[in-house]
Structures are given as structure tokens and as C-alpha cells.
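Data block for work.cif (mmCIF, C-alpha atoms):
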```cif
data_my_file
loop_
_atom_site.label_atom_id
_atom_site.label_comp_id
_atom_site.auth_asym_id
_atom_site.auth_seq_id
_atom_site.Cartn_x
_atom_site.Cartn_y
_atom_site.Cartn_z
CA MET J 420 -10.61 -2.53 -23.45
CA ALA J 421 -7.84 -3.58 -21.07
CA GLY J 422 -7.76 -2.38 -17.50
CA ARG J 423 -4.93 -0.41 -15.94
CA LEU J 424 -2.15 -1.63 -13.69
CA TYR J 425 -1.56 0.92 -10.94
CA VAL J 426 1.86 0.80 -9.27
CA VAL J 427 0.99 2.19 -5.85
CA GLY J 428 3.53 3.43 -3.32
CA THR J 429 2.56 2.64 0.27
CA PRO J 430 3.98 3.80 3.63
CA VAL J 431 7.42 2.52 4.66
CA GLY J 432 6.30 2.55 8.28
CA ASN J 433 3.92 5.26 9.44
CA LEU J 434 0.50 4.55 7.93
CA GLU J 435 -0.31 8.28 7.99
CA ASP J 436 2.07 8.70 5.05
CA VAL J 437 -0.33 7.12 2.55
CA THR J 438 -1.33 9.62 -0.15
CA LEU J 439 -4.88 10.71 -0.92
CA ARG J 440 -4.52 9.41 -4.46
CA ALA J 441 -3.34 6.00 -3.23
CA VAL J 442 -6.41 5.76 -0.98
CA ARG J 443 -8.70 6.57 -3.91
CA VAL J 444 -7.03 4.12 -6.29
CA LEU J 445 -6.97 1.28 -3.76
CA GLY J 446 -10.66 1.87 -3.15
CA GLU J 447 -11.55 1.83 -6.87
CA VAL J 448 -9.58 -1.09 -8.32
CA ALA J 449 -11.06 -4.56 -8.78
CA ALA J 450 -8.18 -6.33 -7.01
CA ILE J 451 -4.88 -5.66 -5.27
CA ALA J 452 -1.72 -7.67 -5.98
CA CYS J 453 0.41 -7.52 -2.85
CA GLU J 454 3.68 -8.87 -1.54
CA ASP J 455 2.25 -10.09 1.78
CA THR J 456 -1.52 -10.14 2.29
CA ARG J 457 -1.10 -9.77 6.05
CA GLN J 458 0.87 -6.53 5.71
CA THR J 459 -1.47 -5.08 3.10
CA LEU J 460 -4.51 -5.94 5.22
CA LYS J 461 -3.13 -3.77 8.03
CA LEU J 462 -3.15 -0.77 5.71
CA LEU J 463 -6.51 -1.58 4.10
CA ASN J 464 -8.17 -2.10 7.49
CA ARG J 465 -6.85 1.27 8.62
CA LEU J 466 -8.35 2.85 5.48
CA GLY J 467 -11.63 0.93 5.67
CA ILE J 468 -11.06 -0.71 2.27
CA ARG J 469 -12.06 -4.29 1.40
CA LYS J 470 -10.76 -5.74 -1.87
CA PRO J 471 -9.77 -9.16 -3.23
CA LEU J 472 -6.05 -9.69 -2.59
CA ILE J 473 -3.65 -11.62 -4.82
CA SER J 474 -0.45 -12.76 -3.11
CA TYR J 475 2.47 -11.67 -5.29
CA PHE J 476 5.86 -12.31 -3.71
CA GLN J 477 9.39 -13.31 -4.60
CA PRO J 478 10.54 -15.82 -5.74
CA ARG J 479 7.14 -17.13 -6.92
CA GLU J 480 5.82 -13.91 -8.37
CA GLY J 481 6.11 -15.29 -11.91
CA ARG J 482 3.34 -17.80 -11.18
CA ARG J 483 0.88 -15.00 -10.46
CA VAL J 484 1.61 -12.92 -13.56
CA PRO J 485 -0.77 -14.84 -15.91
CA GLU J 486 -3.63 -14.59 -13.38
CA ILE J 487 -3.21 -10.84 -12.97
CA ILE J 488 -2.77 -10.30 -16.71
CA ARG J 489 -6.06 -12.13 -17.34
CA LEU J 490 -7.82 -9.72 -15.00
CA LEU J 491 -6.27 -6.73 -16.74
CA GLU J 492 -7.06 -8.04 -20.24
CA GLY J 493 -10.64 -8.60 -19.10
CA GLY J 494 -10.96 -4.89 -18.36
CA ALA J 495 -10.36 -4.90 -14.58
CA ASP J 496 -8.08 -2.34 -12.96
CA VAL J 497 -5.49 -3.85 -10.59
CA ALA J 498 -3.28 -2.14 -8.00
CA LEU J 499 0.20 -3.50 -7.34
CA VAL J 500 1.64 -2.81 -3.88
CA SER J 501 4.61 -4.06 -1.87
CA ASP J 502 4.91 -4.39 1.89
CA ALA J 503 6.42 -0.91 2.09
CA GLY J 504 7.45 1.78 -0.36
CA THR J 505 7.26 1.47 -4.15
CA PRO J 506 6.84 -1.89 -5.93
CA GLY J 507 9.75 -2.92 -8.13
CA ILE J 508 12.35 -0.95 -6.15
CA SER J 509 14.17 -3.90 -4.56
CA ASP J 510 10.68 -5.37 -4.15
CA PRO J 511 8.46 -7.62 -6.31
CA GLY J 512 6.79 -6.03 -9.32
CA PHE J 513 9.14 -5.83 -12.28
CA PRO J 514 8.05 -9.07 -14.09
CA LEU J 515 4.39 -8.07 -13.92
CA ILE J 516 5.05 -4.50 -15.06
CA ARG J 517 7.23 -5.72 -17.93
CA GLU J 518 4.59 -8.21 -19.12
CA ALA J 519 1.78 -5.66 -18.89
CA LEU J 520 3.75 -3.19 -20.99
CA ARG J 521 4.63 -5.91 -23.52
CA LEU J 522 0.92 -6.57 -24.01
CA GLY J 523 0.02 -2.90 -24.33
CA ILE J 524 -1.69 -2.69 -20.94
CA PRO J 525 -1.41 0.80 -19.40
CA VAL J 526 0.85 1.00 -16.34
CA VAL J 527 0.14 3.99 -14.12
CA PRO J 528 2.49 5.11 -11.30
CA VAL J 529 0.92 6.33 -8.06
CA PRO J 530 3.95 7.83 -6.28
CA GLY J 531 4.31 7.51 -2.55
CA PRO J 532 6.81 7.15 0.31
CA SER J 533 10.29 5.82 -0.37
CA ALA J 534 12.94 4.73 2.11
CA VAL J 535 15.58 5.99 -0.34
CA THR J 536 14.39 9.59 -0.51
CA ALA J 537 13.35 9.66 3.16
CA ALA J 538 16.85 8.62 4.25
CA LEU J 539 18.58 10.97 1.80
CA SER J 540 16.50 13.95 2.88
CA ALA J 541 17.64 13.77 6.51
CA ALA J 542 21.04 12.08 6.26
CA GLY J 543 23.13 15.20 5.80
CA LEU J 544 25.09 13.75 2.87
CA PRO J 545 25.16 15.29 -0.63
CA THR J 546 21.91 14.63 -2.49
CA HIS J 547 22.55 16.33 -5.86
CA ARG J 548 23.79 12.96 -7.09
CA PHE J 549 23.21 9.53 -5.58
CA LEU J 550 23.44 5.90 -6.65
CA PHE J 551 20.88 3.43 -5.32
CA VAL J 552 22.33 -0.08 -5.35
CA GLY J 553 19.74 -1.98 -3.28
CA PHE J 554 20.70 -5.06 -1.30
CA PRO J 555 24.41 -5.99 -1.43
CA PRO J 556 25.47 -9.65 -1.77
CA PRO J 557 25.43 -11.60 1.51
CA LYS J 558 28.67 -13.56 1.04
CA LYS J 559 31.93 -11.94 2.11
CA ALA J 560 33.89 -12.36 -1.14
CA ALA J 561 31.00 -11.20 -3.33
CA LEU J 562 30.40 -8.22 -1.02
CA GLY J 563 34.03 -7.19 -1.36
CA ARG J 564 33.87 -7.28 -5.15
CA PHE J 565 30.55 -5.44 -5.10
CA LEU J 566 31.96 -2.60 -3.00
CA GLU J 567 35.19 -2.42 -5.03
CA ALA J 568 33.12 -1.76 -8.15
CA LEU J 569 31.50 1.21 -6.39
CA ALA J 570 34.66 2.70 -4.89
CA GLY J 571 35.25 5.27 -7.63
CA HIS J 572 31.73 6.72 -7.75
CA ASP J 573 31.48 10.28 -6.46
CA ALA J 574 27.75 9.96 -5.80
CA THR J 575 26.28 9.19 -2.37
CA LEU J 576 25.78 5.42 -2.26
CA VAL J 577 22.47 4.06 -0.94
CA PHE J 578 22.05 0.47 0.25
CA PHE J 579 19.22 -1.56 1.78
CA LEU J 580 20.24 -3.94 4.57
CA PRO J 581 18.69 -6.20 7.19
CA THR J 582 20.05 -4.74 10.43
CA ARG J 583 21.68 -8.04 11.43
CA ARG J 584 24.10 -7.55 8.53
CA VAL J 585 25.07 -3.98 9.39
CA PRO J 586 28.27 -4.77 11.40
CA GLU J 587 29.83 -6.99 8.72
CA PHE J 588 28.80 -4.50 6.05
CA LEU J 589 30.42 -1.59 7.91
CA GLU J 590 33.62 -3.57 8.33
CA ALA J 591 33.75 -4.40 4.61
CA ALA J 592 32.85 -0.84 3.59
CA GLY J 593 35.56 0.69 5.78
CA ARG J 594 38.14 -1.71 4.40
CA THR J 595 37.14 -1.41 0.73
CA LEU J 596 35.93 2.19 0.36
CA GLY J 597 38.26 3.87 2.83
CA GLY J 598 37.84 4.61 6.50
CA ASP J 599 37.29 8.37 6.28
CA ARG J 600 34.00 8.39 4.37
CA ARG J 601 30.91 9.59 6.19
CA VAL J 602 28.30 6.88 6.74
CA VAL J 603 24.67 7.21 7.84
CA ILE J 604 22.48 4.35 9.06
CA ALA J 605 18.77 5.20 8.81
CA ARG J 606 16.83 2.62 10.79
CA GLU J 607 13.08 2.04 11.21
CA LEU J 608 12.23 5.06 9.05
CA THR J 609 8.97 6.87 9.93
CA LYS J 610 8.28 4.42 12.78
CA ILE J 611 8.26 5.04 16.54
CA HIS J 612 11.89 3.95 16.94
CA GLU J 613 13.23 5.84 13.91
CA GLU J 614 16.95 6.43 14.33
CA PHE J 615 19.80 8.01 12.36
CA LEU J 616 23.35 6.96 13.25
CA ARG J 617 26.18 9.03 11.75
CA GLY J 618 29.96 8.67 11.63
CA THR J 619 32.65 6.81 9.74
CA ALA J 620 32.40 3.04 9.38
CA SER J 621 34.88 2.46 12.22
CA GLU J 622 33.19 5.03 14.48
CA LEU J 623 29.80 3.41 13.95
CA LEU J 624 31.19 -0.06 14.61
CA ALA J 625 32.71 1.18 17.87
CA SER J 626 29.53 2.97 18.96
CA LEU J 627 27.34 -0.03 18.19
CA GLY J 628 29.51 -2.41 20.21
CA ASN J 629 27.42 -5.46 21.07
CA ARG J 630 24.15 -3.67 20.46
CA VAL J 631 21.70 -5.66 18.34
CA LEU J 632 19.78 -3.47 15.90
CA LYS J 633 16.25 -4.38 14.88
CA GLY J 634 14.24 -3.76 11.75
CA GLU J 635 15.40 -2.73 8.30
CA ALA J 636 18.10 -0.20 7.56
CA THR J 637 18.94 2.16 4.73
CA VAL J 638 22.69 2.76 4.74
CA LEU J 639 24.20 5.77 2.97
CA ILE J 640 27.90 6.22 2.28
CA GLU J 641 29.58 9.39 1.10
CA GLY J 642 30.87 9.21 -2.47
CA ALA J 643 34.54 9.28 -3.47
CA ARG J 644 36.07 12.71 -3.01
#
```

Starting from the coordinates I provided, produce the structure as C-alpha cells.
Amino acid sequence: MAGRLYVVGTPVGNLEDVTLRAVRVLGEVAAIACEDTRQTLKLLNRLGIRKPLISYFQPREGRRVPEIIRLLEGGADVALVSDAGTPGISDPGFPLIREALRLGIPVVPVPGPSAVTAALSAAGLPTHRFLFVGFPPPKKAALGRFLEALAGHDATLVFFLPTRRVPEFLEAAGRTLGGDRRVVIARELTKIHEEFLRGTASELLASLGNRVLKGEATVLIEGAR
């Protein structure tokens, strides 16, 4: 009988956000497939859990799929985690999940923290409908086309961004989506330096000035009115 692949959500910052079920599952599985063993070890050490770790990261995640599938087909349960949040949501995981399902191996979600829902819950923008679009393209022309395709959506738009890209993104968003839309930058969610910045794209650019933001950001933009 095949084992089970558990897709385990882990804290996006504050390690106290790990769920009781996640702790139990991580303690029971035979191995843990993780994006970065160093990051996962921080969590496991905090929880007092010792398990074999399998490094599973982009863009080489495909090389690890056969190894993990062999474990699962041999009857071992495996947990899949990312560095933060839920695997497969702009993080490694989809190829492994797809292959497990193709082979009839049970895939079990263990829900946990999410930067998307954490940012939405405190942003102050409409949440009855939102569109998560992940990481936008890095190049200027591609970013412009990407944003143009989203301009007509009336849902709150949710992006992931490295903070170093925030200024250029705000400039492109103000130009392409219109300068009067409300924008929220949620930075370092659940961590000591958690910060929410609110305003229009131009207002945020002016308030940031030469300030260099650190960490990862979830950027939310009001939908078309």
C-alpha cells in the first residue's frame, strides 16, 4: 500500500503560527521534502523534531520527484513543505503533487499560514473577490503587458514581490492600472518588522523616497471600479 504525500503549510514568519496538526504530521512522516533544508531545520529544531530531509527546490525539483515517489510507493508517508506558507503556491511542489496523483498516491492537504490571506485580512481592501497572480515578470515590457491584461478585473489583485522591485512595480502599476487605485504593501508579514503601507501608487512612491525595503512583500491593488 502506497504512503501518503502530506502538503504541509508552515509559518510565513512567526514560528508560533505552526498548526497542531502540522506538528503531528511532521513528527509522524518518514521523511520531509523541503525547499531549503536550512530553513526547515529552524522550524524542526524549534519543534524538537528530527527527520530525514530531502532538498526539493526550483528549478531542480524535477530531479527529486522519482526519489520521493519511490518512498511513497514503498509505503512511506512524506511531508512536503516550502520555506514559508503553502507548497505549490508560487513555491515548489506542483510537479511532485501532479505525479503522485497520476500514480494514485493519496495527497493530503494540511492547511496553514498563507501570506495571501494574511495580507488580505488586514489590508483594508475588498476581500469578497480577489485574484492571486503571484510573481510578476521582471522585465519592463513584459511587466507592462502583464498588468495591462489585469486592468479590467474588478477583484483585488494580489502579487508577490521581492522588496527591491517594489518601486519599479509601483511606477508600472500607476501608469498601467490608473493612479487612483488603492495599493497596500504588506512587508515582513508576522515577523518583528511587519509593516503595512497604504496609499495610491504615486503616494507610496513619494513616501518611500530613497528608503530601501527589506524582505519579501505581498502587494495588493484595488480592482477596477

Could you make a table, as a Markdown table, of the residues of segment 530-621 of chain J that have an atom within 10 Å of an atom of segment 625-642 of chain J, each with its nearest atom pair and distance in Å to one decimal, counting all atoms listed in the file, in chain and number order?
```
| residue | atom | partner | partner_atom | distance |
| --- | --- | --- | --- | --- |
| J:Ala534 | CA | J:Thr637 | CA | 7.0 |
| J:Val535 | CA | J:Thr637 | CA | 7.2 |
| J:Ala537 | CA | J:Thr637 | CA | 9.5 |
| J:Ala538 | CA | J:Thr637 | CA | 6.8 |
| J:Leu539 | CA | J:Leu639 | CA | 7.7 |
| J:Ala542 | CA | J:Leu639 | CA | 7.8 |
| J:Gly543 | CA | J:Glu641 | CA | 9.9 |
| J:Leu544 | CA | J:Glu641 | CA | 6.5 |
| J:Pro545 | CA | J:Glu641 | CA | 7.6 |
| J:Thr546 | CA | J:Glu641 | CA | 10.0 |
| J:Arg548 | CA | J:Gly642 | CA | 9.2 |
| J:Phe549 | CA | J:Gly642 | CA | 8.3 |
| J:Leu550 | CA | J:Gly642 | CA | 9.1 |
| J:Phe551 | CA | J:Leu639 | CA | 9.2 |
| J:Gly553 | CA | J:Thr637 | CA | 9.1 |
| J:Phe554 | CA | J:Thr637 | CA | 9.6 |
| J:Leu569 | CA | J:Gly642 | CA | 8.9 |
| J:Ala570 | CA | J:Gly642 | CA | 7.9 |
| J:Gly571 | CA | J:Gly642 | CA | 7.8 |
| J:His572 | CA | J:Gly642 | CA | 5.9 |
| J:Asp573 | CA | J:Gly642 | CA | 4.2 |
| J:Ala574 | CA | J:Gly642 | CA | 4.6 |
| J:Thr575 | CA | J:Gly642 | CA | 4.6 |
| J:Leu576 | CA | J:Ile640 | CA | 5.1 |
| J:Val577 | CA | J:Leu639 | CA | 4.6 |
| J:Phe578 | CA | J:Val638 | CA | 5.1 |
| J:Phe579 | CA | J:Thr637 | CA | 4.8 |
| J:Leu580 | CA | J:Ala636 | CA | 5.2 |
| J:Pro581 | CA | J:Glu635 | CA | 4.9 |
| J:Thr582 | CA | J:Glu635 | CA | 5.5 |
| J:Arg583 | CA | J:Leu632 | CA | 6.7 |
| J:Arg584 | CA | J:Leu632 | CA | 9.5 |
| J:Val585 | CA | J:Ala636 | CA | 8.1 |
| J:Pro586 | CA | J:Leu627 | CA | 8.3 |
| J:Phe588 | CA | J:Val638 | CA | 9.6 |
| J:Leu589 | CA | J:Val638 | CA | 9.4 |
| J:Ala592 | CA | J:Ile640 | CA | 8.7 |
| J:Leu596 | CA | J:Gly642 | CA | 9.1 |
| J:Asp599 | CA | J:Glu641 | CA | 9.3 |
| J:Arg600 | CA | J:Glu641 | CA | 5.6 |
| J:Arg601 | CA | J:Glu641 | CA | 5.3 |
| J:Val602 | CA | J:Ile640 | CA | 4.5 |
| J:Val603 | CA | J:Leu639 | CA | 5.1 |
| J:Ile604 | CA | J:Val638 | CA | 4.6 |
| J:Ala605 | CA | J:Thr637 | CA | 5.1 |
| J:Arg606 | CA | J:Ala636 | CA | 4.5 |
| J:Glu607 | CA | J:Gly634 | CA | 5.9 |
| J:Leu608 | CA | J:Ala636 | CA | 8.0 |
| J:His612 | CA | J:Gly634 | CA | 9.6 |
| J:Glu613 | CA | J:Gly634 | CA | 9.9 |
| J:Glu614 | CA | J:Ala636 | CA | 9.5 |
| J:Phe615 | CA | J:Thr637 | CA | 9.7 |
| J:Leu616 | CA | J:Ser626 | CA | 9.3 |
| J:Arg617 | CA | J:Leu639 | CA | 9.6 |
| J:Gly618 | CA | J:Ser626 | CA | 9.3 |
| J:Thr619 | CA | J:Ile640 | CA | 8.9 |
| J:Ala620 | CA | J:Ala625 | CA | 8.7 |
| J:Ser621 | CA | J:Ala625 | CA | 6.2 |
```

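When all atoms listed in the file are used to compute distances to Gly493 of chain J, the closest of the residues J:Leu515, J:Ile524, J:Ala450, J:Ala421 turns out to be J:Ala421.
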
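Reported to one decimal place, the separation of atom CA of Pro430 of chain J from atom CA of Thr459 of chain J is 10.4 Å.
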
> Near Arg517 of chain J, counting all atoms listed in the file, which residues have an atom at most 12 Å away, once you skip same-chain residues fewer than 4 positions from it, shown as a VMD selection string?
Replying inline: chain J and resid 424 481 484 488 507 511 to 513 521 to 526

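Of the residues listed (J:Gly597, J:Gly446, J:Pro530, J:Gly422), J:Gly422 shows the shortest atom-to-atom separation from Gly494 of chain J; distances use all atoms listed in the file.
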